[in-house]
>>> print(open('structure.cif').read())   # mmCIF, C-alpha atoms
data_coords
#
loop_
_atom_site.label_atom_id
_atom_site.label_comp_id
_atom_site.auth_asym_id
_atom_site.auth_seq_id
_atom_site.Cartn_x
_atom_site.Cartn_y
_atom_site.Cartn_z
CA MET A 1 62.19 -113.41 25.90
CA ALA A 2 60.93 -114.63 22.54
CA PHE A 3 57.41 -114.72 23.97
CA ALA A 4 57.72 -111.10 25.17
CA LEU A 5 59.09 -110.00 21.79
CA ARG A 6 56.18 -111.65 19.97
CA ASN A 7 53.74 -109.86 22.31
CA MET A 8 55.40 -106.50 21.63
CA LEU A 9 55.27 -107.06 17.86
CA SER A 10 51.58 -108.02 18.11
CA PHE A 11 50.88 -104.85 20.12
CA PHE A 12 52.59 -102.57 17.57
CA THR A 13 50.79 -104.31 14.70
CA PHE A 14 47.44 -103.78 16.45
CA ALA A 15 48.29 -100.12 17.20
CA ALA A 16 49.28 -99.44 13.60
CA THR A 17 46.12 -101.09 12.27
CA PHE A 18 43.90 -99.16 14.74
CA SER A 19 45.60 -95.89 13.78
CA LEU A 20 45.06 -96.55 10.08
CA LEU A 21 41.39 -97.36 10.59
CA PHE A 22 40.85 -94.35 12.85
CA ASN A 23 42.53 -91.93 10.47
CA SER A 24 40.68 -93.32 7.46
CA CYS A 25 37.43 -92.18 9.06
CA TYR A 26 38.50 -88.61 9.82
CA CYS A 27 41.00 -87.66 7.12
CA PHE A 28 40.34 -84.46 5.13
CA TYR A 29 40.34 -85.03 1.36
CA PRO A 30 40.74 -81.75 -0.57
CA LYS A 31 40.13 -83.47 -3.92
CA LEU A 32 36.75 -84.75 -2.75
CA LEU A 33 35.85 -81.29 -1.47
CA ASN A 34 36.84 -79.72 -4.78
CA ALA A 35 34.75 -82.27 -6.66
CA SER A 36 31.77 -81.33 -4.52
CA LEU A 37 32.33 -77.64 -5.17
CA ALA A 38 32.66 -78.27 -8.90
CA ALA A 39 29.33 -80.08 -8.94
CA SER A 40 27.76 -77.16 -7.07
CA GLU A 41 29.21 -74.60 -9.47
CA SER A 42 27.81 -76.52 -12.44
CA ASP A 43 24.29 -75.62 -11.24
CA TRP A 44 24.76 -72.04 -12.44
CA SER A 45 23.31 -70.91 -15.79
CA PRO A 46 23.66 -67.62 -17.73
CA ALA A 47 21.01 -64.91 -17.75
CA GLY A 48 20.60 -61.22 -18.49
CA ALA A 49 19.93 -58.68 -15.76
CA THR A 50 18.66 -55.10 -15.62
CA TRP A 51 17.04 -53.07 -12.83
CA TYR A 52 14.04 -50.80 -12.50
CA GLY A 53 12.35 -48.43 -10.10
CA SER A 54 14.16 -46.52 -7.37
CA PRO A 55 17.90 -47.24 -7.00
CA THR A 56 17.28 -48.42 -3.45
CA GLY A 57 13.65 -49.51 -3.87
CA ALA A 58 11.66 -52.66 -4.57
CA GLY A 59 11.05 -52.16 -8.29
CA SER A 60 7.33 -51.55 -8.67
CA ASP A 61 4.72 -51.31 -5.92
CA GLY A 62 3.89 -54.99 -5.70
CA GLY A 63 3.93 -55.85 -9.38
CA ALA A 64 2.10 -58.45 -11.43
CA CYS A 65 2.11 -61.11 -8.69
CA GLY A 66 -0.14 -59.00 -6.48
CA TYR A 67 2.07 -58.84 -3.40
CA GLY A 68 1.56 -55.09 -3.03
CA GLY A 69 3.53 -53.30 -0.35
CA ALA A 70 4.78 -56.63 1.05
CA VAL A 71 7.67 -56.52 -1.44
CA GLU A 72 9.29 -53.72 0.56
CA GLN A 73 8.84 -55.37 3.95
CA ALA A 74 10.44 -58.38 5.62
CA PRO A 75 10.88 -61.13 4.67
CA PHE A 76 11.10 -59.91 1.04
CA SER A 77 12.86 -56.68 2.09
CA ALA A 78 13.01 -55.38 -1.52
CA MET A 79 15.23 -58.31 -2.59
CA VAL A 80 12.87 -59.04 -5.47
CA SER A 81 12.81 -59.27 -9.25
CA ALA A 82 10.51 -59.10 -12.21
CA GLY A 83 10.94 -62.11 -14.44
CA GLY A 84 10.97 -62.46 -18.19
CA PRO A 85 8.43 -64.94 -19.64
CA SER A 86 10.52 -68.02 -18.78
CA LEU A 87 10.65 -67.00 -15.11
CA PHE A 88 7.21 -65.42 -14.64
CA LYS A 89 5.44 -68.37 -16.31
CA SER A 90 2.14 -66.47 -16.69
CA GLY A 91 2.11 -65.96 -12.92
CA LYS A 92 2.92 -69.56 -11.95
CA GLY A 93 6.51 -68.44 -11.28
CA CYS A 94 5.44 -65.97 -8.59
CA GLY A 95 7.18 -66.68 -5.29
CA ALA A 96 10.04 -68.75 -6.74
CA CYS A 97 13.49 -67.98 -5.34
CA TYR A 98 16.79 -67.70 -7.21
CA GLU A 99 20.39 -66.95 -6.41
CA VAL A 100 22.01 -64.44 -8.77
CA GLN A 101 25.61 -63.30 -9.01
CA CYS A 102 27.62 -61.10 -11.34
CA THR A 103 31.26 -61.48 -12.34
CA THR A 104 31.53 -59.43 -15.55
CA ASN A 105 31.91 -55.94 -14.09
CA SER A 106 34.71 -54.57 -11.92
CA ALA A 107 32.09 -53.55 -9.34
CA CYS A 108 30.73 -57.11 -9.02
CA SER A 109 31.33 -58.77 -5.65
CA GLU A 110 30.91 -62.25 -7.22
CA ASN A 111 28.89 -63.18 -4.11
CA PRO A 112 25.42 -64.65 -4.76
CA VAL A 113 22.30 -62.93 -3.46
CA THR A 114 18.80 -64.42 -3.23
CA VAL A 115 15.80 -62.80 -4.93
CA VAL A 116 12.10 -63.66 -5.23
CA ILE A 117 10.00 -63.37 -8.39
CA THR A 118 7.29 -60.80 -7.59
CA ASP A 119 6.64 -59.11 -10.94
CA GLU A 120 6.59 -59.60 -14.71
CA CYS A 121 8.85 -58.14 -17.37
CA PRO A 122 7.03 -59.07 -20.61
CA GLY A 123 9.56 -57.24 -22.79
CA CYS A 124 12.59 -58.98 -21.30
CA VAL A 125 13.11 -61.40 -24.17
CA SER A 126 16.60 -60.55 -25.44
CA GLU A 127 17.85 -63.60 -23.51
CA SER A 128 16.07 -66.86 -22.78
CA VAL A 129 16.24 -65.98 -19.06
CA HIS A 130 16.14 -62.40 -17.82
CA PHE A 131 15.90 -60.84 -14.36
CA ASP A 132 14.68 -57.24 -14.10
CA LEU A 133 15.84 -56.73 -10.54
CA SER A 134 14.80 -54.14 -8.01
CA GLY A 135 17.39 -51.41 -7.52
CA THR A 136 18.10 -52.87 -4.08
CA ALA A 137 18.73 -56.39 -5.40
CA PHE A 138 20.86 -55.19 -8.32
CA GLY A 139 23.03 -53.13 -5.98
CA ALA A 140 23.36 -56.08 -3.58
CA MET A 141 25.50 -57.86 -6.20
CA ALA A 142 28.13 -55.12 -5.93
CA LYS A 143 31.26 -54.80 -3.85
CA SER A 144 30.86 -52.72 -0.70
CA GLY A 145 30.44 -49.04 -1.61
CA GLN A 146 30.10 -49.71 -5.36
CA ALA A 147 26.35 -50.31 -5.72
CA ASP A 148 25.80 -47.08 -7.67
CA GLN A 149 28.71 -47.91 -9.98
CA LEU A 150 27.19 -51.32 -10.71
CA ARG A 151 23.70 -49.87 -11.30
CA ASN A 152 25.25 -47.41 -13.76
CA ALA A 153 26.27 -50.39 -15.91
CA GLY A 154 22.55 -50.79 -16.68
CA VAL A 155 22.68 -54.24 -18.28
CA LEU A 156 24.70 -57.23 -17.05
CA GLN A 157 25.29 -60.82 -17.96
CA ILE A 158 24.91 -62.78 -14.74
CA GLN A 159 24.75 -66.34 -13.41
CA TYR A 160 21.66 -67.73 -11.69
CA ARG A 161 20.32 -70.91 -10.12
CA ARG A 162 17.05 -71.98 -8.52
CA VAL A 163 17.11 -72.29 -4.72
CA GLN A 164 14.64 -73.15 -1.99
CA CYS A 165 12.79 -70.24 -0.40
CA ASN A 166 13.37 -69.92 3.33
CA TYR A 167 11.52 -67.44 5.53
CA PRO A 168 12.44 -68.35 9.14
CA GLY A 169 9.65 -67.80 11.60
CA THR A 170 7.14 -66.92 8.86
CA SER A 171 3.97 -68.85 8.05
CA ILE A 172 2.01 -68.81 4.80
CA ALA A 173 -0.51 -65.97 4.67
CA PHE A 174 -3.71 -65.45 2.70
CA LYS A 175 -4.91 -61.95 1.77
CA VAL A 176 -8.59 -62.07 0.78
CA ASP A 177 -9.24 -60.22 -2.47
CA ALA A 178 -11.35 -57.08 -2.16
CA GLY A 179 -13.91 -58.43 -4.65
CA SER A 180 -14.70 -61.55 -2.61
CA ASN A 181 -18.28 -62.16 -1.45
CA PRO A 182 -20.41 -65.06 -0.09
CA TYR A 183 -20.50 -66.68 -3.56
CA TYR A 184 -17.03 -65.79 -4.86
CA PHE A 185 -13.79 -66.18 -2.94
CA ALA A 186 -10.32 -65.10 -4.08
CA THR A 187 -7.09 -64.89 -2.14
CA LEU A 188 -3.45 -63.96 -2.55
CA VAL A 189 -1.08 -66.67 -1.28
CA ILE A 190 2.27 -65.44 0.03
CA TYR A 191 5.46 -66.50 1.89
CA GLN A 192 5.71 -70.16 0.85
CA ASN A 193 8.94 -71.85 1.90
CA GLY A 194 10.52 -74.47 -0.35
CA ASP A 195 9.58 -74.24 -4.02
CA GLY A 196 7.81 -70.93 -3.49
CA ASP A 197 5.62 -71.37 -6.57
CA LEU A 198 2.24 -73.13 -6.72
CA ALA A 199 0.64 -75.53 -9.19
CA LEU A 200 -2.73 -75.97 -7.47
CA VAL A 201 -4.79 -74.31 -4.73
CA GLU A 202 -7.92 -75.99 -3.34
CA LEU A 203 -10.60 -74.86 -0.88
CA LYS A 204 -12.62 -76.95 1.54
CA GLN A 205 -15.72 -75.60 3.26
CA ALA A 206 -16.76 -76.05 6.89
CA LEU A 207 -17.97 -79.65 6.96
CA ASN A 208 -15.56 -82.60 7.09
CA SER A 209 -17.66 -84.23 4.38
CA ASP A 210 -17.20 -81.29 2.01
CA PRO A 211 -14.97 -82.06 -1.00
CA TRP A 212 -11.82 -80.17 -1.95
CA LEU A 213 -12.77 -77.64 -4.63
CA PRO A 214 -10.03 -76.63 -7.10
CA MET A 215 -9.47 -72.89 -7.37
CA GLN A 216 -8.43 -71.18 -10.58
CA GLN A 217 -5.45 -68.90 -10.93
CA SER A 218 -6.96 -65.45 -11.30
CA TRP A 219 -3.75 -63.50 -11.90
CA GLY A 220 -0.25 -63.58 -10.46
CA ALA A 221 -0.37 -65.24 -7.04
CA VAL A 222 -4.14 -64.69 -6.65
CA TRP A 223 -6.42 -67.75 -6.81
CA LYS A 224 -10.24 -67.71 -7.07
CA LEU A 225 -13.32 -69.91 -6.64
CA ASP A 226 -16.64 -68.89 -8.22
CA SER A 227 -18.99 -71.39 -6.61
CA GLY A 228 -22.38 -70.13 -7.83
CA SER A 229 -23.81 -70.85 -4.35
CA THR A 230 -23.19 -69.59 -0.84
CA LEU A 231 -19.85 -70.73 0.53
CA ARG A 232 -19.76 -72.00 4.13
CA PRO A 233 -16.75 -70.87 6.20
CA PRO A 234 -14.43 -71.53 7.89
CA PHE A 235 -12.33 -72.51 4.88
CA SER A 236 -9.31 -74.77 4.76
CA ILE A 237 -6.82 -74.23 1.95
CA ARG A 238 -4.69 -76.99 0.39
CA LEU A 239 -1.59 -75.98 -1.56
CA THR A 240 0.39 -78.03 -4.08
CA SER A 241 3.82 -76.73 -5.03
CA LEU A 242 4.67 -76.44 -8.71
CA THR A 243 8.19 -77.85 -8.81
CA SER A 244 8.17 -80.74 -6.31
CA GLY A 245 4.43 -81.46 -6.08
CA GLN A 246 4.45 -81.28 -2.28
CA THR A 247 1.09 -80.59 -0.59
CA LEU A 248 0.24 -78.68 2.55
CA VAL A 249 -3.08 -77.96 4.29
CA ALA A 250 -3.86 -74.77 6.22
CA THR A 251 -6.82 -76.04 8.23
CA GLY A 252 -9.55 -73.48 8.99
CA VAL A 253 -7.26 -70.61 8.05
CA ILE A 254 -10.10 -68.45 6.70
CA PRO A 255 -12.48 -67.98 9.66
CA ALA A 256 -16.22 -67.56 9.78
CA GLY A 257 -16.90 -63.87 9.45
CA TRP A 258 -13.94 -63.30 7.14
CA GLN A 259 -13.71 -59.90 5.50
CA PRO A 260 -12.51 -58.82 2.03
CA GLY A 261 -9.12 -57.13 2.16
CA GLN A 262 -8.07 -58.85 5.38
CA THR A 263 -4.97 -61.03 5.70
CA TYR A 264 -5.18 -64.33 7.59
CA THR A 265 -1.94 -66.01 8.64
CA SER A 266 -1.74 -69.79 8.94
CA VAL A 267 0.39 -71.78 11.38
CA VAL A 268 2.04 -73.89 8.65
CA ASN A 269 4.63 -73.65 5.94
CA PHE A 270 6.42 -76.01 3.57
#
>>> encode(input="structure.cif", output="structure tokens")
Amino acid sequence: MAFALRNMLSFFTFAATFSLLFNSCYCFYPKLLNASLAASESDWSPAGATWYGSPTGAGSDGGACGYGGAVEQAPFSAMVSAGGPSLFKSGKGCGACYEVQCTTNSACSENPVTVVITDECPGCVSESVHFDLSGTAFGAMAKSGQADQLRNAGVLQIQYRRVQCNYPGTSIAFKVDAGSNPYYFATLVIYQNGDGDLALVELKQALNSDPWLPMQQSWGAVWKLDSGSTLRPPFSIRLTSLTSGQTLVATGVIPAGWQPGQTYTSVVNF
């Protein structure tokens, strides 16, 4: 009897210990979740916001980054912004993605929306950071049915934070500048995932033994190479992101027989 009792006590002790260990792995801890949310919320910083262009448009037709009509089409879909000097960064900020949200107007939804820097607002200097949003992006910060009411506010104080760009199913594309020729090559670079912005663009000619030649930023998101001699395609393009320093190579993306004004899509992205 005593032996059986000891066995029963041992069993219950084991069961209690197992239950404690099991539950310790799968318990839900609201305080830990709240701490995580608090850390996430601390990423937000204040900025000023205005809007320009058509109330339901994409701001300007392409803007100072050189994206042209692409700003109205997917994946940008008019969710774009001109940036003040601290965001545009003399064109190096082109392609960077940010979440913006407003909370200071009764029409604000307080839900963040993602925008891409595609243009410059050189006069937006009343705050250290300023977004001059497209009418579409500005209205997207509003509660359902109150986009016009929010746009009527004109100027808002908002919150913003830098986020990774993400264009599912989209590869980086290169639009050859109309002024390109056998001695001079310039291209717009568009649709980079990740950082979105670029610190360095390099070109490699046809031969494996050819060196990587650094291109110069021409304007906005357009990069150029003035070689002084005939360039030999196909060209590979190597990109280095501005924020993280990641590199990516689009091998042979510009084919032999390339034409000015044409867009060539790679099979890679960050």
>>> closest_residue(input="structure.cif", among="A:Phe138, A:Trp44, A:Met79, A:Arg238", to="Pro211 of chain A", atoms="all atoms listed in the file")
A:Arg238
>>> resolve_selection(input="structure.cif", expression="the PyMOL selection byres ((chain A and resi 151) around 8)", output="list in words")
Trp51, Pro55, Gly135, Phe138, Gly139, Ala147, Asp148, Gln149, Leu150, Asn152, Ala153 and Gly154 of chain A
>>> write_last_selection(input="structure.cif", atoms="C-alpha atoms", output="PDB file, in the coordinates of the input")
ATOM      1  CA  TRP A  51      17.040 -53.070 -12.830  1.00  0.00           C
ATOM      2  CA  PRO A  55      17.900 -47.240  -7.000  1.00  0.00           C
ATOM      3  CA  GLY A 135      17.390 -51.410  -7.520  1.00  0.00           C
ATOM      4  CA  PHE A 138      20.860 -55.190  -8.320  1.00  0.00           C
ATOM      5  CA  GLY A 139      23.030 -53.130  -5.980  1.00  0.00           C
ATOM      6  CA  ALA A 147      26.350 -50.310  -5.720  1.00  0.00           C
ATOM      7  CA  ASP A 148      25.800 -47.080  -7.670  1.00  0.00           C
ATOM      8  CA  GLN A 149      28.710 -47.910  -9.980  1.00  0.00           C
ATOM      9  CA  LEU A 150      27.190 -51.320 -10.710  1.00  0.00           C
ATOM     10  CA  ASN A 152      25.250 -47.410 -13.760  1.00  0.00           C
ATOM     11  CA  ALA A 153      26.270 -50.390 -15.910  1.00  0.00           C
ATOM     12  CA  GLY A 154      22.550 -50.790 -16.680  1.00  0.00           C
TER      13      GLY A 154
END
>>> atom_distance(input="structure.cif", atom1="atom CA of Lys92 of chain A", atom2="atom CA of Ala58 of chain A")
20.4 Å
>>> resolve_selection(input="structure.cif", expression="the PyMOL selection byres ((chain A and resi 191-200) around 10)", output="number ranges by chain")
A: 67, 70, 75-76, 91-97, 116-117, 162-168, 170-174, 189-190, 201-202, 214-217, 221, 223, 238-247, 268-270
>>> resolve_selection(input="structure.cif", expression="the PyMOL selection byres ((chain A and resi 256) around 12)", output="list in words")
Pro182, Gln205, Ala206, Leu231, Arg232, Pro233, Pro234, Phe235, Ser236, Gly252, Val253, Ile254, Pro255, Gly257, Trp258, Gln259 and Tyr264 of chain A
>>> closest_residue(input="structure.cif", among="A:Thr187, A:Thr103, A:Asn111, A:Thr50", to="Glu127 of chain A", atoms="only C-alpha atoms")
A:Thr50
>>> closest_residue(input="structure.cif", among="A:Ser180, A:Ala64, A:Thr251, A:Gln262", to="Leu225 of chain A", atoms="all atoms listed in the file")
A:Ser180
>>> atom_distance(input="structure.cif", atom1="atom CA of Glu99 of chain A", atom2="atom CA of Val222 of chain A")
24.6 Å
>>> residues_around(input="structure.cif", residues="Pro122 of chain A", least_positions_apart="2", cutoff="6 Å", atoms="all atoms listed in the file", output="ChimeraX atom specification")
/A:84,120,124
>>> atom_distance(input="structure.cif", atom1="atom CA of Gly59 of chain A", atom2="atom CA of Thr263 of chain A")
23.0 Å
>>> closest_residue(input="structure.cif", among="A:Ser126, A:Ser266, A:Ser229, A:Thr118", to="Leu87 of chain A", atoms="all atoms listed in the file")
A:Thr118
>>> closest_residue(input="structure.cif", among="A:Ala178, A:Val71, A:Val113, A:Cys121", to="Ala137 of chain A", atoms="all atoms listed in the file")
A:Val113
>>> build_atoms(input="structure.cif", residues="segment 172-195 of chain A", atoms="N, CA, C and O atoms", output="PDB file, in the frame of the given file")
ATOM      1  N   ILE A 172       2.720 -69.210   6.024  1.00  0.00           N
ATOM      2  CA  ILE A 172       2.010 -68.810   4.800  1.00  0.00           C
ATOM      3  C   ILE A 172       0.809 -67.948   5.181  1.00  0.00           C
ATOM      4  O   ILE A 172       0.092 -68.233   6.148  1.00  0.00           O
ATOM      5  N   ALA A 173       0.592 -66.895   4.414  1.00  0.00           N
ATOM      6  CA  ALA A 173      -0.510 -65.970   4.670  1.00  0.00           C
ATOM      7  C   ALA A 173      -1.430 -65.895   3.464  1.00  0.00           C
ATOM      8  O   ALA A 173      -1.014 -66.134   2.320  1.00  0.00           O
ATOM      9  N   PHE A 174      -2.681 -65.547   3.733  1.00  0.00           N
ATOM     10  CA  PHE A 174      -3.710 -65.450   2.700  1.00  0.00           C
ATOM     11  C   PHE A 174      -4.386 -64.084   2.819  1.00  0.00           C
ATOM     12  O   PHE A 174      -5.005 -63.790   3.846  1.00  0.00           O
ATOM     13  N   LYS A 175      -4.246 -63.260   1.794  1.00  0.00           N
ATOM     14  CA  LYS A 175      -4.910 -61.950   1.770  1.00  0.00           C
ATOM     15  C   LYS A 175      -6.148 -62.061   0.894  1.00  0.00           C
ATOM     16  O   LYS A 175      -6.055 -62.284  -0.315  1.00  0.00           O
ATOM     17  N   VAL A 176      -7.329 -61.909   1.499  1.00  0.00           N
ATOM     18  CA  VAL A 176      -8.590 -62.070   0.780  1.00  0.00           C
ATOM     19  C   VAL A 176      -8.776 -60.899  -0.185  1.00  0.00           C
ATOM     20  O   VAL A 176      -8.644 -59.734   0.196  1.00  0.00           O
ATOM     21  N   ASP A 177      -9.056 -61.232  -1.425  1.00  0.00           N
ATOM     22  CA  ASP A 177      -9.240 -60.220  -2.470  1.00  0.00           C
ATOM     23  C   ASP A 177     -10.441 -59.325  -2.142  1.00  0.00           C
ATOM     24  O   ASP A 177     -11.458 -59.784  -1.613  1.00  0.00           O
ATOM     25  N   ALA A 178     -10.313 -58.047  -2.488  1.00  0.00           N
ATOM     26  CA  ALA A 178     -11.350 -57.080  -2.160  1.00  0.00           C
ATOM     27  C   ALA A 178     -12.682 -57.391  -2.831  1.00  0.00           C
ATOM     28  O   ALA A 178     -13.744 -56.971  -2.345  1.00  0.00           O
ATOM     29  N   GLY A 179     -12.672 -58.112  -3.937  1.00  0.00           N
ATOM     30  CA  GLY A 179     -13.910 -58.430  -4.650  1.00  0.00           C
ATOM     31  C   GLY A 179     -14.612 -59.682  -4.158  1.00  0.00           C
ATOM     32  O   GLY A 179     -15.644 -60.086  -4.711  1.00  0.00           O
ATOM     33  N   SER A 180     -14.101 -60.309  -3.114  1.00  0.00           N
ATOM     34  CA  SER A 180     -14.700 -61.550  -2.610  1.00  0.00           C
ATOM     35  C   SER A 180     -16.051 -61.275  -1.948  1.00  0.00           C
ATOM     36  O   SER A 180     -16.282 -60.210  -1.363  1.00  0.00           O
ATOM     37  N   ASN A 181     -16.955 -62.271  -2.033  1.00  0.00           N
ATOM     38  CA  ASN A 181     -18.280 -62.160  -1.450  1.00  0.00           C
ATOM     39  C   ASN A 181     -18.760 -63.568  -1.063  1.00  0.00           C
ATOM     40  O   ASN A 181     -18.011 -64.535  -1.248  1.00  0.00           O
ATOM     41  N   PRO A 182     -19.979 -63.723  -0.528  1.00  0.00           N
ATOM     42  CA  PRO A 182     -20.410 -65.060  -0.090  1.00  0.00           C
ATOM     43  C   PRO A 182     -20.430 -66.122  -1.188  1.00  0.00           C
ATOM     44  O   PRO A 182     -20.428 -67.324  -0.879  1.00  0.00           O
ATOM     45  N   TYR A 183     -20.438 -65.715  -2.448  1.00  0.00           N
ATOM     46  CA  TYR A 183     -20.500 -66.680  -3.560  1.00  0.00           C
ATOM     47  C   TYR A 183     -19.175 -66.812  -4.322  1.00  0.00           C
ATOM     48  O   TYR A 183     -18.989 -67.756  -5.081  1.00  0.00           O
ATOM     49  N   TYR A 184     -18.299 -65.853  -4.108  1.00  0.00           N
ATOM     50  CA  TYR A 184     -17.030 -65.790  -4.860  1.00  0.00           C
ATOM     51  C   TYR A 184     -15.918 -65.492  -3.865  1.00  0.00           C
ATOM     52  O   TYR A 184     -15.978 -64.514  -3.104  1.00  0.00           O
ATOM     53  N   PHE A 185     -14.893 -66.360  -3.877  1.00  0.00           N
ATOM     54  CA  PHE A 185     -13.790 -66.180  -2.940  1.00  0.00           C
ATOM     55  C   PHE A 185     -12.470 -66.185  -3.710  1.00  0.00           C
ATOM     56  O   PHE A 185     -12.216 -67.090  -4.513  1.00  0.00           O
ATOM     57  N   ALA A 186     -11.650 -65.173  -3.453  1.00  0.00           N
ATOM     58  CA  ALA A 186     -10.320 -65.100  -4.080  1.00  0.00           C
ATOM     59  C   ALA A 186      -9.315 -64.666  -3.030  1.00  0.00           C
ATOM     60  O   ALA A 186      -9.620 -63.856  -2.139  1.00  0.00           O
ATOM     61  N   THR A 187      -8.119 -65.208  -3.131  1.00  0.00           N
ATOM     62  CA  THR A 187      -7.090 -64.890  -2.140  1.00  0.00           C
ATOM     63  C   THR A 187      -5.699 -64.870  -2.762  1.00  0.00           C
ATOM     64  O   THR A 187      -5.388 -65.666  -3.660  1.00  0.00           O
ATOM     65  N   LEU A 188      -4.879 -63.961  -2.270  1.00  0.00           N
ATOM     66  CA  LEU A 188      -3.450 -63.960  -2.550  1.00  0.00           C
ATOM     67  C   LEU A 188      -2.783 -64.933  -1.600  1.00  0.00           C
ATOM     68  O   LEU A 188      -3.111 -64.974  -0.414  1.00  0.00           O
ATOM     69  N   VAL A 189      -1.851 -65.742  -2.117  1.00  0.00           N
ATOM     70  CA  VAL A 189      -1.080 -66.670  -1.280  1.00  0.00           C
ATOM     71  C   VAL A 189       0.366 -66.189  -1.266  1.00  0.00           C
ATOM     72  O   VAL A 189       0.961 -65.944  -2.326  1.00  0.00           O
ATOM     73  N   ILE A 190       0.952 -66.074  -0.075  1.00  0.00           N
ATOM     74  CA  ILE A 190       2.270 -65.440   0.030  1.00  0.00           C
ATOM     75  C   ILE A 190       3.119 -66.096   1.124  1.00  0.00           C
ATOM     76  O   ILE A 190       2.584 -66.652   2.084  1.00  0.00           O
ATOM     77  N   TYR A 191       4.430 -66.041   0.929  1.00  0.00           N
ATOM     78  CA  TYR A 191       5.460 -66.500   1.890  1.00  0.00           C
ATOM     79  C   TYR A 191       5.593 -68.007   1.970  1.00  0.00           C
ATOM     80  O   TYR A 191       5.827 -68.577   3.041  1.00  0.00           O
ATOM     81  N   GLN A 192       5.498 -68.711   0.830  1.00  0.00           N
ATOM     82  CA  GLN A 192       5.710 -70.160   0.850  1.00  0.00           C
ATOM     83  C   GLN A 192       7.207 -70.476   0.918  1.00  0.00           C
ATOM     84  O   GLN A 192       7.977 -69.995   0.085  1.00  0.00           O
ATOM     85  N   ASN A 193       7.596 -71.293   1.881  1.00  0.00           N
ATOM     86  CA  ASN A 193       8.940 -71.850   1.900  1.00  0.00           C
ATOM     87  C   ASN A 193       9.077 -72.903   0.793  1.00  0.00           C
ATOM     88  O   ASN A 193       8.101 -73.274   0.141  1.00  0.00           O
ATOM     89  N   GLY A 194      10.299 -73.405   0.622  1.00  0.00           N
ATOM     90  CA  GLY A 194      10.520 -74.470  -0.350  1.00  0.00           C
ATOM     91  C   GLY A 194      10.471 -73.973  -1.772  1.00  0.00           C
ATOM     92  O   GLY A 194      11.156 -73.017  -2.132  1.00  0.00           O
ATOM     93  N   ASP A 195       9.645 -74.615  -2.608  1.00  0.00           N
ATOM     94  CA  ASP A 195       9.580 -74.240  -4.020  1.00  0.00           C
ATOM     95  C   ASP A 195       9.178 -72.781  -4.210  1.00  0.00           C
ATOM     96  O   ASP A 195       9.632 -72.116  -5.142  1.00  0.00           O
TER      97      ASP A 195
END
